[in-house]
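Below is protein18.cif, holding mmCIF, C-alpha atoms and all ligand atoms.
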```cif
data_target
loop_
_atom_site.label_atom_id
_atom_site.label_comp_id
_atom_site.auth_asym_id
_atom_site.auth_seq_id
_atom_site.Cartn_x
_atom_site.Cartn_y
_atom_site.Cartn_z
CA MET E 152 40.89 1.86 13.63
CA ILE E 153 42.00 2.51 17.21
CA LYS E 154 44.05 5.66 17.72
CA ALA E 155 47.10 4.67 19.76
CA LEU E 156 47.70 6.63 22.96
CA ASN E 157 50.98 7.89 24.37
CA ILE E 158 51.69 5.52 27.24
CA TYR E 159 53.62 8.29 29.04
CA ASP E 160 50.26 10.05 29.46
CA PHE E 161 49.09 7.30 31.78
CA SER E 162 49.42 7.27 35.56
CA LYS E 163 50.21 3.89 37.06
CA PHE E 164 46.64 3.61 38.28
CA GLU E 165 45.24 4.37 34.81
CA LEU E 166 47.54 1.77 33.26
CA GLU E 167 46.40 -0.78 35.83
CA GLU E 168 42.76 0.03 35.01
CA PHE E 169 43.46 -0.52 31.33
CA LEU E 170 45.18 -3.87 31.96
CA THR E 171 42.50 -5.20 34.27
CA SER E 172 39.80 -4.11 31.79
CA LYS E 173 41.52 -6.43 29.30
CA ASN E 174 41.71 -9.23 31.91
CA TYR E 175 45.45 -9.02 32.48
CA PRO E 176 46.64 -9.46 36.08
CA LYS E 177 47.41 -6.30 38.08
CA TYR E 178 51.06 -7.21 38.64
CA ARG E 179 51.74 -6.68 34.93
CA THR E 180 51.39 -2.93 35.61
CA SER E 181 54.54 -2.79 37.76
CA GLN E 182 56.44 -4.90 35.24
CA ILE E 183 55.51 -2.63 32.34
CA TRP E 184 56.16 0.44 34.47
CA ARG E 185 59.68 -0.76 35.29
CA TYR E 186 60.43 -1.45 31.63
CA LEU E 187 59.23 2.01 30.70
CA TYR E 188 60.93 4.02 33.42
CA ARG E 189 63.81 1.89 34.74
CA ASN E 190 64.95 0.11 31.60
CA ASN E 191 63.93 3.11 29.48
CA ILE E 192 62.77 0.91 26.60
CA ASP E 193 61.76 2.33 23.22
CA ASN E 194 59.71 -0.65 21.98
CA PHE E 195 57.20 -2.89 23.71
CA GLU E 196 58.95 -5.92 22.14
CA ASP E 197 61.89 -5.23 24.46
CA MET E 198 59.79 -6.29 27.46
CA LYS E 199 61.26 -9.76 27.73
CA ASN E 200 59.02 -11.55 30.23
CA ILE E 201 55.71 -10.09 29.08
CA PRO E 202 53.40 -12.52 27.21
CA ILE E 203 53.09 -12.04 23.49
CA ASP E 204 49.33 -11.29 23.57
CA LEU E 205 49.92 -8.43 26.01
CA ILE E 206 52.76 -7.04 23.87
CA SER E 207 50.41 -7.17 20.93
CA ASP E 208 47.70 -5.28 22.88
CA LEU E 209 50.22 -2.69 24.02
CA ASN E 210 51.21 -2.13 20.41
CA LYS E 211 47.57 -1.91 19.41
CA TYR E 212 46.51 0.66 22.00
CA PHE E 213 49.69 2.59 22.84
CA PHE E 214 52.89 4.07 21.55
CA ILE E 215 56.02 5.16 23.40
CA GLU E 216 56.57 8.77 22.45
CA LYS E 217 59.97 9.74 21.15
CA LEU E 218 60.43 13.46 20.68
CA LYS E 219 61.95 14.66 17.43
CA GLU E 220 65.00 16.82 17.99
CA MET E 221 65.11 19.60 15.40
CA ASN E 222 68.20 21.32 16.65
CA TYR E 223 70.51 21.48 19.62
CA VAL E 224 73.04 23.92 21.00
CA ILE E 225 75.84 23.42 23.47
CA SER E 226 77.30 26.14 25.65
CA LYS E 227 80.96 27.07 25.14
CA ASP E 228 81.83 25.84 28.62
CA LYS E 229 80.21 22.46 27.76
CA SER E 230 77.94 22.66 30.76
CA THR E 231 74.63 22.91 28.93
CA TYR E 232 72.92 21.01 26.12
CA LYS E 233 69.70 22.46 24.84
CA SER E 234 67.29 20.67 22.51
CA LEU E 235 64.60 22.09 20.31
CA PHE E 236 61.88 19.47 19.82
CA LYS E 237 59.13 19.29 17.22
CA LEU E 238 55.84 17.97 18.60
CA THR E 239 53.36 15.88 16.61
CA ASP E 240 51.45 19.04 15.63
CA ASN E 241 54.71 20.69 14.47
CA LEU E 242 54.84 23.09 17.42
CA ARG E 243 58.20 23.45 19.13
CA ILE E 244 59.43 23.28 22.67
CA GLU E 245 62.80 23.45 24.34
CA THR E 246 64.39 21.29 27.01
CA VAL E 247 67.78 21.88 28.61
CA LEU E 248 70.24 19.49 30.23
CA MET E 249 72.64 21.14 32.66
CA ASN E 250 75.82 19.68 34.10
CA TYR E 251 76.55 20.66 37.68
CA PRO E 252 79.94 20.00 39.26
CA SER E 253 80.25 18.74 42.84
CA ASP E 254 79.95 21.31 45.62
CA ASP E 255 80.15 21.24 49.44
CA HIS E 256 76.87 19.40 49.75
CA ARG E 257 76.37 17.39 46.60
CA LYS E 258 77.98 15.08 44.09
CA PRO E 259 78.27 16.13 40.42
CA ARG E 260 74.89 15.70 38.79
CA LYS E 261 72.73 16.67 35.83
CA THR E 262 69.51 18.66 35.92
CA ILE E 263 66.81 18.74 33.25
CA CYS E 264 64.85 21.94 32.74
CA VAL E 265 61.50 21.01 31.17
CA SER E 266 58.80 22.96 29.37
CA SER E 267 55.21 22.75 30.57
CA GLN E 268 53.44 24.71 27.82
CA VAL E 269 54.06 25.65 24.20
CA GLY E 270 54.67 29.37 24.57
CA CYS E 271 53.16 31.23 27.50
CA ALA E 272 50.22 33.58 27.92
CA LEU E 273 51.67 35.57 30.79
CA GLY E 274 53.91 37.86 28.77
CA CYS E 275 56.72 38.70 31.20
CA THR E 276 58.65 41.39 29.36
CA PHE E 277 62.15 39.96 29.87
CA CYS E 278 61.22 36.43 28.76
CA ALA E 279 61.62 35.10 25.21
CA THR E 280 58.80 32.57 25.73
CA GLY E 281 56.43 35.26 26.96
CA GLN E 282 57.17 37.25 23.83
CA GLN E 283 55.99 34.35 21.61
CA GLY E 284 52.49 34.15 23.08
CA PHE E 285 50.60 31.00 24.06
CA PHE E 286 49.95 28.04 21.76
CA ARG E 287 48.78 25.17 23.94
CA GLN E 288 49.25 23.13 27.11
CA LEU E 289 51.68 20.24 27.04
CA LYS E 290 50.14 16.88 27.87
CA THR E 291 51.55 14.87 30.77
CA GLY E 292 53.18 12.49 28.30
CA GLU E 293 54.88 15.34 26.47
CA ILE E 294 56.39 16.53 29.75
CA ILE E 295 57.55 12.99 30.61
CA SER E 296 58.87 12.47 27.05
CA GLN E 297 61.31 15.37 27.51
CA ILE E 298 62.83 13.67 30.53
CA MET E 299 62.86 10.21 28.94
CA TYR E 300 64.58 11.60 25.84
CA PHE E 301 67.52 12.77 27.93
CA LYS E 302 67.53 9.71 30.19
CA LYS E 303 67.79 7.38 27.19
CA LEU E 304 70.67 9.34 25.67
CA GLU E 305 72.36 9.50 29.05
CA ASP E 306 72.15 5.67 29.24
CA LYS E 307 74.04 5.53 25.95
CA LYS E 308 76.62 8.02 27.31
CA TYR E 309 75.70 10.25 24.38
CA PHE E 310 76.47 13.45 26.28
CA ASP E 311 80.03 12.37 27.16
CA SER E 312 81.15 13.55 23.75
CA TYR E 313 79.32 16.89 23.98
CA LEU E 314 79.46 18.02 27.59
CA SER E 315 82.42 18.14 29.94
CA LYS E 316 83.21 14.64 31.23
CA PRO E 317 81.42 13.71 34.44
CA GLU E 318 83.58 13.55 37.59
CA LYS E 319 84.12 10.09 39.09
CA SER E 320 81.40 10.46 41.71
CA TYR E 321 78.83 11.50 39.06
CA ASP E 322 75.36 10.93 40.44
CA GLY E 323 73.25 10.88 37.24
CA ILE E 324 70.22 12.95 36.29
CA LYS E 325 69.07 13.94 39.74
CA ASN E 326 66.96 17.06 39.41
CA ILE E 327 64.05 18.22 37.32
CA VAL E 328 63.10 21.87 37.21
CA PHE E 329 59.90 23.15 35.64
CA MET E 330 61.54 26.34 34.44
CA GLY E 331 61.45 25.87 30.68
CA MET E 332 58.77 27.30 28.40
CA GLY E 333 55.45 28.06 30.03
CA GLU E 334 53.93 28.56 33.46
CA PRO E 335 53.62 25.08 35.05
CA LEU E 336 50.85 26.09 37.46
CA ALA E 337 48.77 27.26 34.48
CA ASN E 338 48.95 23.63 33.32
CA TYR E 339 48.28 22.39 36.83
CA ASN E 340 46.80 18.91 36.37
CA ASN E 341 49.28 17.74 33.74
CA THR E 342 52.22 19.10 35.72
CA ILE E 343 51.15 17.42 38.98
CA LYS E 344 50.43 14.14 37.17
CA ALA E 345 53.91 14.25 35.58
CA ILE E 346 55.49 14.89 39.00
CA LYS E 347 53.70 11.86 40.45
CA ILE E 348 55.04 9.70 37.58
CA LEU E 349 58.59 11.04 38.14
CA ASN E 350 58.27 10.39 41.85
CA ASP E 351 57.01 6.79 41.61
CA PRO E 352 59.46 4.47 43.43
CA ASN E 353 58.97 1.65 40.87
CA GLY E 354 59.85 3.95 38.01
CA ILE E 355 62.06 7.00 37.66
CA ASN E 356 62.05 7.32 41.46
CA LEU E 357 63.09 10.95 41.64
CA GLY E 358 62.70 12.32 45.14
CA ALA E 359 60.05 15.04 45.29
CA ARG E 360 62.70 17.28 46.84
CA SER E 361 64.68 16.97 43.61
CA ILE E 362 61.81 18.49 41.65
CA THR E 363 61.22 22.23 41.46
CA ILE E 364 58.19 24.05 40.12
CA SER E 365 58.76 27.66 39.21
CA THR E 366 55.73 29.95 39.10
CA VAL E 367 55.34 33.61 38.32
CA GLY E 368 52.76 33.75 41.09
CA LEU E 369 49.37 32.16 40.34
CA VAL E 370 47.82 32.64 43.76
CA PRO E 371 44.94 30.10 43.69
CA GLU E 372 47.25 27.40 42.33
CA ILE E 373 49.91 28.10 45.01
CA ILE E 374 47.23 27.49 47.64
CA LYS E 375 46.05 24.35 45.81
CA LEU E 376 49.64 23.09 45.57
CA SER E 377 50.14 23.56 49.32
CA LYS E 378 47.45 20.93 49.89
CA GLU E 379 48.87 18.28 47.51
CA ASN E 380 51.11 16.72 50.14
CA ILE E 381 54.09 16.44 47.80
CA GLN E 382 57.44 17.66 49.08
CA ILE E 383 58.59 19.44 45.93
CA ASN E 384 60.45 22.76 45.89
CA LEU E 385 58.51 25.85 44.99
CA ALA E 386 60.23 28.78 43.30
CA VAL E 387 58.29 32.04 42.94
CA SER E 388 59.42 34.58 40.37
CA LEU E 389 59.15 37.83 42.26
CA HIS E 390 61.50 40.16 40.35
CA ALA E 391 60.45 43.29 42.26
CA PRO E 392 59.51 44.25 45.82
CA ASP E 393 56.63 46.61 44.95
CA ASN E 394 53.60 46.51 42.67
CA PHE E 395 54.62 49.49 40.58
CA THR E 396 57.99 48.00 39.58
CA ARG E 397 56.71 44.43 39.30
CA ALA E 398 53.74 45.30 37.08
CA GLN E 399 56.16 46.77 34.52
CA THR E 400 57.77 43.39 33.84
CA VAL E 401 55.27 40.81 35.16
CA PRO E 402 51.76 41.59 33.83
CA ILE E 403 50.10 38.91 36.04
CA ASN E 404 50.91 41.20 38.98
CA LYS E 405 47.81 43.21 38.05
CA ARG E 406 45.62 40.18 38.78
CA TYR E 407 47.64 38.94 41.76
CA PRO E 408 49.43 41.90 43.34
CA ILE E 409 52.37 41.41 45.69
CA GLU E 410 50.30 41.50 48.90
CA MET E 411 48.11 38.61 47.65
CA LEU E 412 51.13 36.70 46.41
CA ILE E 413 53.10 37.03 49.65
CA ASP E 414 50.02 36.10 51.65
CA ALA E 415 49.63 32.92 49.53
CA CYS E 416 53.35 32.16 50.01
CA LYS E 417 53.01 32.51 53.79
CA LYS E 418 50.05 30.12 53.74
CA TYR E 419 52.05 27.70 51.60
CA ILE E 420 54.96 27.77 54.07
CA GLN E 421 52.60 27.33 57.01
CA GLN E 422 50.87 24.37 55.38
CA THR E 423 53.97 22.58 54.05
CA ASN E 424 56.69 23.82 56.38
CA ARG E 425 58.82 24.16 53.26
CA LYS E 426 61.05 27.00 52.24
CA ILE E 427 60.14 29.06 49.18
CA PHE E 428 62.79 30.11 46.70
CA PHE E 429 62.16 33.62 45.41
CA GLU E 430 63.60 34.21 41.96
CA TYR E 431 64.72 37.76 41.33
CA VAL E 432 65.94 38.57 37.82
CA LEU E 433 68.14 41.64 38.10
CA LEU E 434 67.44 44.18 35.35
CA SER E 435 69.88 47.04 35.17
CA GLY E 436 68.25 50.33 36.20
CA GLN E 437 64.87 48.66 36.69
CA ASN E 438 64.81 46.69 39.93
CA ASP E 439 68.43 46.39 41.04
CA SER E 440 69.08 49.38 43.35
CA THR E 441 69.95 49.02 47.03
CA SER E 442 66.61 50.68 47.77
CA HIS E 443 64.86 47.80 45.92
CA ALA E 444 66.97 45.37 47.94
CA ASN E 445 65.94 47.15 51.13
CA ASP E 446 62.24 46.90 50.17
CA LEU E 447 62.70 43.24 49.29
CA GLY E 448 64.29 42.66 52.69
CA ILE E 449 61.30 44.28 54.44
CA LEU E 450 58.86 42.21 52.32
CA LEU E 451 60.46 38.82 53.01
CA LYS E 452 61.80 39.36 56.54
CA GLY E 453 60.93 36.48 58.85
CA MET E 454 59.74 34.17 56.06
CA LEU E 455 61.21 30.72 55.43
CA ALA E 456 62.70 31.99 52.17
CA HIS E 457 65.79 31.95 50.00
CA VAL E 458 66.37 34.49 47.25
CA ASN E 459 68.02 33.55 43.96
CA LEU E 460 69.49 36.63 42.30
CA ILE E 461 69.70 36.09 38.55
CA PRO E 462 71.41 38.64 36.30
CA VAL E 463 69.13 38.93 33.25
CA ASN E 464 69.81 36.84 30.17
CA PRO E 465 69.47 39.45 27.40
CA THR E 466 67.11 38.37 24.60
CA LYS E 467 67.00 39.58 21.04
CA LEU E 468 63.50 40.86 21.68
CA SER E 469 64.05 42.98 24.78
CA GLU E 470 66.17 45.92 25.77
CA TYR E 471 67.22 44.83 29.24
CA LYS E 472 70.85 44.97 30.28
CA ARG E 473 72.69 42.94 32.87
CA THR E 474 73.30 44.43 36.28
CA SER E 475 77.01 44.98 36.99
CA ASP E 476 78.77 42.49 39.26
CA SER E 477 79.49 45.18 41.87
CA MET E 478 75.80 46.15 41.97
CA ILE E 479 74.77 42.51 42.40
CA ILE E 480 77.09 42.20 45.41
CA LYS E 481 75.66 45.42 46.94
CA PHE E 482 72.13 44.10 46.43
CA GLN E 483 73.01 40.85 48.14
CA LYS E 484 74.67 42.64 51.08
CA GLU E 485 71.55 44.72 51.62
CA LEU E 486 69.39 41.58 51.74
CA LYS E 487 71.73 40.01 54.25
CA LYS E 488 70.97 42.83 56.70
CA PHE E 489 67.46 41.38 56.96
CA GLY E 490 68.75 37.85 57.58
CA ILE E 491 67.58 36.70 54.16
CA PRO E 492 69.85 34.11 52.56
CA SER E 493 70.51 34.50 48.86
CA THR E 494 72.52 33.00 46.04
CA ILE E 495 73.75 34.70 42.88
CA ARG E 496 72.77 32.33 40.11
CA MET E 497 74.42 32.75 36.76
CA GLU E 498 72.21 31.37 34.03
CA LYS E 499 73.88 28.51 32.27
CA GLY E 500 74.48 28.53 28.54
CA ILE E 501 73.90 32.25 28.16
CA GLU E 502 75.82 32.51 24.89
CA VAL E 503 73.85 29.74 23.19
CA SER E 504 70.33 31.05 23.56
CA ALA E 505 69.82 28.70 26.47
CA GLY E 506 67.61 31.06 28.41
CA CYS E 507 63.91 30.16 28.47
CA GLY E 508 62.35 30.36 24.99
CA GLN E 509 65.38 31.80 23.25
CA LEU E 510 66.07 28.90 20.90
CA ALA E 511 62.45 28.65 19.77
CA THR E 512 62.46 32.35 18.91
CA SER E 513 65.83 32.36 17.17
CA ASN E 514 66.60 31.73 13.52
CA GLU E 515 69.09 29.03 14.32
CA TYR E 516 67.07 26.17 12.84
S1 LIG E 601 58.79 34.04 32.70
FE1 LIG E 601 57.55 32.20 32.85
S2 LIG E 601 55.48 33.00 33.24
FE2 LIG E 601 56.66 34.74 32.47
S3 LIG E 601 56.26 34.74 30.25
FE3 LIG E 601 58.15 33.52 30.62
S4 LIG E 601 57.45 31.41 30.73
FE4 LIG E 601 55.65 32.74 31.03
#
```

Please express the file's structure as structure tokens.
Ligand code: SF4
Amino acid sequence: MIKALNIYDFSKFELEEFLTSKNYPKYRTSQIWRYLYRNNIDNFEDMKNIPIDLISDLNKYFFIEKLKEMNYVISKDKSTYKSLFKLTDNLRIETVLMNYPSDDHRKPRKTICVSSQVGCALGCTFCATGQQGFFRQLKTGEIISQIMYFKKLEDKKYFDSYLSKPEKSYDGIKNIVFMGMGEPLANYNNTIKAIKILNDPNGINLGARSITISTVGLVPEIIKLSKENIQINLAVSLHAPDNFTRAQTVPINKRYPIEMLIDACKKYIQQTNRKIFFEYVLLSGQNDSTSHANDLGILLKGMLAHVNLIPVNPTKLSEYKRTSDSMIIKFQKELKKFGIPSTIRMEKGIEVSAGCGQLATSNEY
């Protein structure tokens, strides 16, 4: 018996190869692709102008993965919907849908925060996922399935009854961020393949600039990514301006210390001419003094960079406390002296375990 494959695992080229190997014409690839990613179908039978023998072969060789939602939580402000999914091997991952209102530059929109691994091996001390350990890589199809799950429910206006109503100019699901469970660059090939599927103009057609990869600083992969010729956003989790402070919260700093990381970031900027977003989780008493801000300013001065200051999302498994609002403002002012733009980013859904890995490590299911 043939073991059916998840069709979301296939690139367009691979699907075309499969179809031509079965003597179907190439143009069927684009038709199937559109049904999968534009019409968001759940069953091959819903492909109306595809011949019956091809539908039968699709059913024989493939399935369309539908993730099983085990639990969900919604933030009190109705801005965030977080799902806990059970995978086919019973492992669990989280995906978050976030509602963003309009601002000076953009229409109201939704962003999906996807997981790239089950757990994570990198063990950052403030991160609930890191505290679980690593289980396995997610396949490309499992990454795509997270997005398709939300897109299909969005089509049915499912979230209208859970999240605050979209404003009139609502622009749809417009951004994908690889900031859920796992380190996306440690699952490099599957992550890049998923991005190419998301980016395909015949399918989901998400602009590369609407996709963000967040890394804790895997130096060889940052260099590799700079050569991919895809215009995605890169966010680097820095969290400290010196090796001593950073190594206390980000163990990978021992393998790739700050000098190596910043050097790789400079090469990335030179190669791509794209700005890097530096993520800086503020931990009270740990990395949030004006002297840390001063050192950060010296480190990043002159780089095409933007700093996102993120007050820590306390987890049940760590002791960290949030930095006070007045201290955050002081930190930001210090950075400004070096001409470094920054944004204070409040994590959405903080009271519903919506920070990375917090639902999968809670007892709420
Ligand atoms: S912050 Fe990212 S890299 Fe660090 S442990 Fe958590 S998921 Fe892994």

### Nearest candidate to ligand LIG 601 (chain E) (options E:Ile203, E:Leu187, E:Leu336, E:Val328; using all atoms listed in the file)
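The answer is E:Leu336, which sits nearest to ligand LIG 601 (chain E).
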
### Query
Separation of CA of Gln437 (chain E) and CA of Lys472 (chain E), in Å?
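Computing it gives 9.5 Å between the two atoms.
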
### Task
Up to 9 Å from (76.1, 9.7, 42.6) in the file's coordinates: name the residues, counting all atoms listed in the file, as an MDAnalysis selection string.
chainID E and resid 257:260 319:323 325

#### Entry: Nearest to ligand LIG 601 (chain E), chosen from E:Thr171, E:Asn194, E:Asn200, E:Asn338, with only C-alpha atoms and all ligand atoms counted in the distances
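Residue with the minimum atom-to-atom distance to ligand LIG 601 (chain E): E:Asn338.
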
### Message
If we count only C-alpha atoms and set the cut-off at 6 Å, which residues sit around Ser493 (chain E), ignoring sequence neighbours fewer than 3 positions away in its own chain? Please answer as a ChimeraX atom specification.
### Response
/E:457-459

### Message
Using only C-alpha atoms and all ligand atoms, can you tell me which of E:Leu389, E:Met478, E:Ala279, E:Ile381 comes closest to ligand LIG 601 (chain E)?
### Response
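Checking each candidate against ligand LIG 601 (chain E), we get E:Ala279 as the closest.
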
If we count only C-alpha atoms, what is near Asn350 (chain E) at a cut-off of 10 Å, once residues fewer than 3 positions away on the same chain are taken out, given as a PDB file with C-alpha atoms, keeping the file's coordinate frame?
```
ATOM      1  CA  LYS E 344      50.430  14.140  37.170  1.00  0.00           C
ATOM      2  CA  ALA E 345      53.910  14.250  35.580  1.00  0.00           C
ATOM      3  CA  ILE E 346      55.490  14.890  39.000  1.00  0.00           C
ATOM      4  CA  LYS E 347      53.700  11.860  40.450  1.00  0.00           C
ATOM      5  CA  ASN E 353      58.970   1.650  40.870  1.00  0.00           C
ATOM      6  CA  GLY E 354      59.850   3.950  38.010  1.00  0.00           C
ATOM      7  CA  ILE E 355      62.060   7.000  37.660  1.00  0.00           C
ATOM      8  CA  ASN E 356      62.050   7.320  41.460  1.00  0.00           C
ATOM      9  CA  LEU E 357      63.090  10.950  41.640  1.00  0.00           C
ATOM     10  CA  GLY E 358      62.700  12.320  45.140  1.00  0.00           C
ATOM     11  CA  ALA E 359      60.050  15.040  45.290  1.00  0.00           C
ATOM     12  CA  ARG E 360      62.700  17.280  46.840  1.00  0.00           C
ATOM     13  CA  SER E 361      64.680  16.970  43.610  1.00  0.00           C
ATOM     14  CA  ILE E 362      61.810  18.490  41.650  1.00  0.00           C
ATOM     15  CA  ILE E 381      54.090  16.440  47.800  1.00  0.00           C
ATOM     16  CA  ILE E 383      58.590  19.440  45.930  1.00  0.00           C
TER      17      ILE E 383
END
```

### Contact residues around Ile183 (chain E) with only C-alpha atoms at 12 Å, ignoring same-chain residues under 4 positions, as a PyMOL selection string
chain E and resi 158-159+161+163+166-167+170+175-179+187-192+194-202+205-206+209+215+353-354

Residues just named, written with C-alpha atoms as a PDB file, in the coordinates of the input:
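Now in again.pdb:
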```
ATOM      1  CA  ILE E 158      51.690   5.520  27.240  1.00  0.00           C
ATOM      2  CA  TYR E 159      53.620   8.290  29.040  1.00  0.00           C
ATOM      3  CA  PHE E 161      49.090   7.300  31.780  1.00  0.00           C
ATOM      4  CA  LYS E 163      50.210   3.890  37.060  1.00  0.00           C
ATOM      5  CA  LEU E 166      47.540   1.770  33.260  1.00  0.00           C
ATOM      6  CA  GLU E 167      46.400  -0.780  35.830  1.00  0.00           C
ATOM      7  CA  LEU E 170      45.180  -3.870  31.960  1.00  0.00           C
ATOM      8  CA  TYR E 175      45.450  -9.020  32.480  1.00  0.00           C
ATOM      9  CA  PRO E 176      46.640  -9.460  36.080  1.00  0.00           C
ATOM     10  CA  LYS E 177      47.410  -6.300  38.080  1.00  0.00           C
ATOM     11  CA  TYR E 178      51.060  -7.210  38.640  1.00  0.00           C
ATOM     12  CA  ARG E 179      51.740  -6.680  34.930  1.00  0.00           C
ATOM     13  CA  LEU E 187      59.230   2.010  30.700  1.00  0.00           C
ATOM     14  CA  TYR E 188      60.930   4.020  33.420  1.00  0.00           C
ATOM     15  CA  ARG E 189      63.810   1.890  34.740  1.00  0.00           C
ATOM     16  CA  ASN E 190      64.950   0.110  31.600  1.00  0.00           C
ATOM     17  CA  ASN E 191      63.930   3.110  29.480  1.00  0.00           C
ATOM     18  CA  ILE E 192      62.770   0.910  26.600  1.00  0.00           C
ATOM     19  CA  ASN E 194      59.710  -0.650  21.980  1.00  0.00           C
ATOM     20  CA  PHE E 195      57.200  -2.890  23.710  1.00  0.00           C
ATOM     21  CA  GLU E 196      58.950  -5.920  22.140  1.00  0.00           C
ATOM     22  CA  ASP E 197      61.890  -5.230  24.460  1.00  0.00           C
ATOM     23  CA  MET E 198      59.790  -6.290  27.460  1.00  0.00           C
ATOM     24  CA  LYS E 199      61.260  -9.760  27.730  1.00  0.00           C
ATOM     25  CA  ASN E 200      59.020 -11.550  30.230  1.00  0.00           C
ATOM     26  CA  ILE E 201      55.710 -10.090  29.080  1.00  0.00           C
ATOM     27  CA  PRO E 202      53.400 -12.520  27.210  1.00  0.00           C
ATOM     28  CA  LEU E 205      49.920  -8.430  26.010  1.00  0.00           C
ATOM     29  CA  ILE E 206      52.760  -7.040  23.870  1.00  0.00           C
ATOM     30  CA  LEU E 209      50.220  -2.690  24.020  1.00  0.00           C
ATOM     31  CA  ILE E 215      56.020   5.160  23.400  1.00  0.00           C
ATOM     32  CA  ASN E 353      58.970   1.650  40.870  1.00  0.00           C
ATOM     33  CA  GLY E 354      59.850   3.950  38.010  1.00  0.00           C
TER      34      GLY E 354
END
```

### Distance in Å - CA of Ile348 (chain E) versus CA of Ile244 (chain E)
20.6 Å

### Query
How would you write, as a PyMOL selection string, the set of residues no farther than 7 Å from ligand LIG 601 (chain E) when counting all atoms listed in the file?
chain E and resi 271-275+278-282+331-334+366-367+401+507

### Message
Just checking: using only C-alpha atoms, which residue out of E:Tyr419, E:Tyr339, E:Tyr431, E:Phe489 ends up closest to Arg397 (chain E)?
### Response
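So, comparing all the options, the nearest one is E:Tyr431.
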
### Task
Using CA of Asp351 (chain E) and CA of Glu305 (chain E) as the two end points, give the distance in Å to one decimal.
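So the two atoms, CA of Asp351 (chain E) and CA of Glu305 (chain E), lie 20.0 Å apart.
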
### Query
Which is closer to Gln422 (chain E) than all the others in E:Gln382, E:Thr494, E:Thr231, E:Asn394, using all atoms listed in the file?
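Checking each of E:Gln382, E:Thr494, E:Thr231, E:Asn394 against Gln422 (chain E), counting all atoms listed in the file, the winner is E:Gln382.
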
### Message
So, with all atoms listed in the file as the atoms that count, which of E:Leu412, E:Val432, E:Arg243, E:Ile225 lies closest to Leu451 (chain E)?
### Response
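Of all the options, E:Leu412 lies closest to Leu451 (chain E).
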
Six-sided padding of 8 Å per side, axis-aligned box over region 166-180 of chain E, centre and edges in Å, one decimal, as JSON:
```
{"center_x": 45.8, "center_y": -3.8, "center_z": 34.0, "size_x": 27.9, "size_y": 27.2, "size_z": 25.3}
```

### Task
Find the residues around region 246-248 of chain E up to 6 Å (all atoms listed in the file counted), leave out those fewer than 6 positions away in its own chain, and share them as a list in words.
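In the requested form, the answer reads Thr231, Tyr232, Lys233, Ser234, Thr262, Ile263, Cys264 and Val265 of chain E.
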
### Query
Near Glu485 (chain E), within 8 Å and counting only C-alpha atoms, which residues show up once chain neighbours fewer than 5 positions away are dropped, as a PyMOL selection string?
chain E and resi 441+444-445+448
